[in-house]
Structures are given as structure tokens and as C-alpha cells.
Amino acid sequence: MSEKKPSVWEGFKAFLMRGNVVDLAVAVVIGAAFTNIVNSVVKGLINPLVGAIGTKNLDTYSSCLSDNCQGEEGIRLLWGSVLGATLTFVITATVVYFLMVLPMSKYLALQEARRKAKEGTQEVVELTELEVLKEIRDALVAQQRQRGSGHDEQ
């Protein structure tokens, strides 16, 4: 008998129905929506704070590597754009860590501690019950020996 191989379609369907793929899809959608919030924070709060020193638009910060950087001529380093993207990344990472990762790891650690405490309690109870049963067995054996030795004497 030959085993029936799953079709490509069945394999693809099984892949899509795995929890990891669905979780990843949800994370991408939430991440995309969250990007808008972070961009708004950078444009509405961070850029104006930087603008108190210079300009509100970080993209205007640049340095010229050539002798003449007027218009489209010359070689320009747009370090303001890099600074803006870096600030966006740092803000995103901070918010994700403090609002999602840290609470989730604390929750999971609490669940793990509860599980271990529950297992530990069950083990103690089982060990205690086992010890009690051993004591009962030893007491019965000792009692039988006493009865056995008493019958022999009479």
C-alpha cells in the first residue's frame, strides 16, 4: 500500500491555519496601524521640540559634501531624515516594549509561578500521602510481628 501524500493545496491550507501565521498577520496589521500613531507623535511632538532649536521638519537638516550644494547640484547627506527615522524607531520600540512586551512577560511569569506553585503543592501532598502510607504499612507490619510473637509464647 502506498501512503497518500497531501496535495499542495491541503499543505498550503494547513500552513495558513496554523496559529503562528494568524498571529503574525494580526501583528502586521496592528503594527501598520501603530506606525501611524508613532508618526503622528514624531511629527506633532518631537519635531516641534526639535523645531524650538531649529526647524520643525527634520528632513531639512543636511550637510553638503561638495563645494556647491544649491538646488539639485552637489552631494548632500540628509542626516535629518536619518535622525527622524531613528527617533520613530526608538519611540516605537519603547512603546512596544513598555505597553506590550513587559506586561506580557510579567503575565507569563506570573502564570508560570502559579503553575509551579500548584505542581509543588501537589507534589508535597503526594509525598506527604506517600509518607503516611509508608508509616501505616510499617505500623501494620510491626503490629503483625507483635501479634505473631505473642501467639508463639502462649
# chains A, B, ... in the order shown; residues from 1 in each chain; ligands from 1
>>> residues_around(residues="A:Thr92", least_positions_apart="6", cutoff="12 Å", atoms="only C-alpha atoms", output="PyMOL selection string")
chain A and resi 31-42+85-86+98-100
>>> write_last_selection(atoms="C-alpha atoms", output="compact mmCIF listing (two decimals), in the first residue's frame")
# COMPACT_ATOMS: atom_id res chain seq x y z
CA GLY A 31 1.97 47.25 13.58
CA ALA A 32 0.83 49.11 10.48
CA ALA A 33 -1.89 50.89 12.45
CA PHE A 34 0.56 51.63 15.27
CA THR A 35 3.02 53.18 12.79
CA ASN A 36 0.51 55.95 12.10
CA ILE A 37 0.32 56.76 15.80
CA VAL A 38 4.10 56.87 16.15
CA ASN A 39 4.49 59.02 13.04
CA SER A 40 1.92 61.43 14.46
CA VAL A 41 3.81 61.61 17.76
CA VAL A 42 7.06 62.32 15.95
CA ALA A 85 13.61 57.67 11.27
CA THR A 86 15.80 56.80 14.27
CA PHE A 98 6.56 49.02 27.83
CA LEU A 99 2.97 48.57 26.65
CA MET A 100 3.14 45.07 25.14
>>> select_by_dssp(residues="stretch 3-139 of chain A", states="strand (DSSP E or B)", output="PyMOL selection string")
chain A and resi 63-64+76-77
>>> closest_residue(among="A:Lys134, A:Arg114, A:Arg76, A:Lys5", to="A:Cys64", atoms="only C-alpha atoms")
A:Arg76
>>> closest_residue(among="A:Ala117, A:Gly80, A:Ile75, A:Leu87", to="A:Leu45", atoms="only C-alpha atoms")
A:Leu87
>>> closest_residue(among="A:Ile91, A:Val21, A:Leu133, A:Leu108", to="A:Ile46", atoms="only C-alpha atoms")
A:Ile91
>>> atom_distance(atom1="atom CA of A:Ala25", atom2="atom CA of A:Phe12")
15.5 Å
